[in-house]
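**Q** Take a look at this one; I'll ask things after.
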Amino acid sequence: MTASERAVQLVRIAAEAAGDKLADDILAYDVSEQLVITDAFLLCSAPTDRQVRAIVEEIETRLREEAGAKPVHRD
């Protein structure tokens, strides 16, 4: 089984949002075969806490506006 079309759509939106806020090392992983709680993980990095917060906020905003998705949990 692979990630659903919806999961892929959300990951693309999140990755674009992260890139727009200059995130580094953006990687998406399809974990649908390993985990039952999610289809995908998006990982990225930034040099400062402030930039990380800006990336997170941009991802959440874009997911809400473009896909009607809101976070269940934030880590």
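To be explicit about the labels: the chains of the structure tokens are called A, B, and onward in the order shown, and within each one the residues are counted from 1, while ligands get numbers from 1 in the order they are shown.
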Which neighbours of region 53-56 of chain A fall inside 6 Å, counting only C-alpha atoms, when residues of the same chain fewer than 2 positions from it are skipped, and could you give them as a ChimeraX atom specification?
**A** /A:18,21,50-51,58-59
**Q** Enumerate as a list in words all residues of chain A assigned to strand (DSSP E or B) by DSSP on the backbone, naming them with the chain letters and numbers the document uses.
**A**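 Those residues are Asp24, Asp25, Ile26, Leu27, Ala28, Tyr29, Asp30, Ala40, Phe41, Leu42, Leu43, Cys44 and Ser45 of chain A.
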**Q** From a DSSP calculation on the backbone, collect every residue of chain A in alpha helix (DSSP H) and output the set as a count of residues only.
**A** 35
**Q** Go through A:Asp75, A:Asp20, A:Asp30, A:Asp25 and flag the residue nearest Val8 (chain A), using only C-alpha atoms for the distances.
**A**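 Of the candidates, the smallest distance to Val8 (chain A) is held by A:Asp30.
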**Q** Taking only C-alpha atoms into account, name the residue in A:Ser4, A:Thr38, A:Ser45, A:Thr61 that is nearest to Ile26 (chain A).
**A** A:Ser45
**Q** Kindly give the distance, in Å, that separates CA of Asp24 (chain A) and CA of Val36 (chain A), rounded to a single decimal.
**A**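 Here the two named atoms are 27.8 Å from each other.
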**Q** Please measure the separation of CA of Ala23 (chain A) and CA of Ala46 (chain A), giving the value in Å to one decimal.
**A** 5.4 Å
**Q** Quick one: residues within 8 Å of Val11 (chain A), only C-alpha atoms, excluding same-chain residues fewer than 3 positions away - as an NGL selection string?
**A** :A and (7-8 or 14-15 or 28 or 40-42)
